[in-house]
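Report on the structure given below.
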Amino acid sequence: MIKSLLLSLSLPSTNQTDLIEEIEEMHRLANTLGYTIENTIIQNKQKIDSSTFFGKGKLNSTINQCKELKYDTIFINNEIEPGHYKRIQKIAGKKIYIIDRTKLILDIFTKHAKTIESKKQIELASVQYMMPRLIGQWTHLERQMGGIGTRGGPGEKQIEIDRRLLRSDITKLKKDLLQIEIQRKTQRKSRKDIFKVALVGYTNAGKSSIFKNLSGYKKTYIKDELFATLDTTTKNIYLSDNTKVLLSDTVGFLRNLPTDLIASFRSTLGEIRDADLLLKVIDITSTDINGHMKTIDDTLEILNCHKKKSLIVFNKIDKVEDENIYVKIKSKYSNSIFISSLKKLNINILINSILKYTNENLNLFSLKIDYRNAAIIDFIYTLTTVMSRKDSYDKIELEFKCTQETFNKIKKRVK
């Protein structure tokens, strides 16, 4: 682990409980990236310093402490403006890196990105973050430039070249992601008649573990760290009465998640917008359940998904020792479900709760199909939940559950 310091600002309007939670999160975020925060420094101020965000005296003492302890990183528990960042970095010098909350999250996402889509999404958010913070001597932006139109004139400064290159990157990344989004929309259109369930929740609440339990998908990546999973995974699952639903595991939320990052992940998070039911997963052992719930609801509102049907699922009950916790939570979240995905406790209750929602708009239909129309059978199996099948010498009789709209589509294809 790389040793570092954390610097945080507390204003008169700062909620101290929230501040403690944010600082604890910063420690976990830093750990995920391979750092350990050895000391946390909180400066109490009446207002943000217009030049350097923190007071210059506090900045200098923190930087000097870093130098004495031979730490090369100062994390800042805030998203600081580009101007503040440039001035703080100038004071810190070239041997100490300044990383604010947003940059830390972006670096974790970069580390965990696996697919082409997630890599492009994070690269776009990172480039948009970087561009206003250019200082002019970014060694990681050095690249071989050649060809007509790639070099600036003799009077063009390096920072102008860097910005031009980044603008070009942004244009290309947005174009690539738009193409991916179009492909995703086509995929969703082909399965719009199937009931869709999406797991949403705070990062590390156990969404991927629940997904693995319900889907049986053995390749589900599960690890006890923030943002272990970035890519949405969707699988067909069959519930206890053979009802088929589409289940999606999505990227975790976090308080103050960068807006650019949410925007960049719009195609991935489209699975949430397309869902018929949201499972809001909460870690019952969290010391800030209300804060986590607020973060989930706020993020869903940004995505315009806050009015969707939802079910609150409290996970990790195997770690609860105080029974009074259940009483407090039930009094506030009366219709919630309590499970342990790790120990597979109450998973049947979760499945039955999902079934209630899936069956709300489903009816039981039967259809006799002669063998000359046998090709439609695959179509019925794809779009409905087939409850029974009887084959006779001249017909096939199917009994299945689906919406009236889906049944009308099937009827049109039966000759």
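In the structure tokens, chains take letters A, B, ... by order of appearance, with residues numbered from 1 within each chain and ligands from 1 in the order shown.
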
Selection: 12 Å around Lys58 of chain A, only C-alpha atoms, excl. self and same-chain fewer than 5 positions, as a ChimeraX atom specification: /A:7-9,41-45,49,52-53,63-65,88,91

For segment 378-383 of chain A, please output as a ChimeraX atom specification all residues within 10 Å (counting only C-alpha atoms; exclusion window: fewer than 3 positions along the same chain). /A:190-195,244-245,374-375,386,398,400-403,406-407,409-410,413

Please identify all polymer residues within 8 Å of segment 171-180 of chain A, counting only C-alpha atoms, omitting same-chain residues fewer than 6 positions from it, and present them as a count of residues only. 6

List as a list in words the protein and nucleic acid residues near Val313 of chain A, meaning an atom at most 9 Å away when only C-alpha atoms are counted, but skip any in the same chain fewer than 5 places from it. Leu279, Lys280, Val281, Ile282, Asp283, Ser336, Ile337, Phe338, Ile339 and Leu350 of chain A

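Of note, atom CA of Lys368 of chain A and atom CA of Tyr393 of chain A are spaced 12.2 Å apart.
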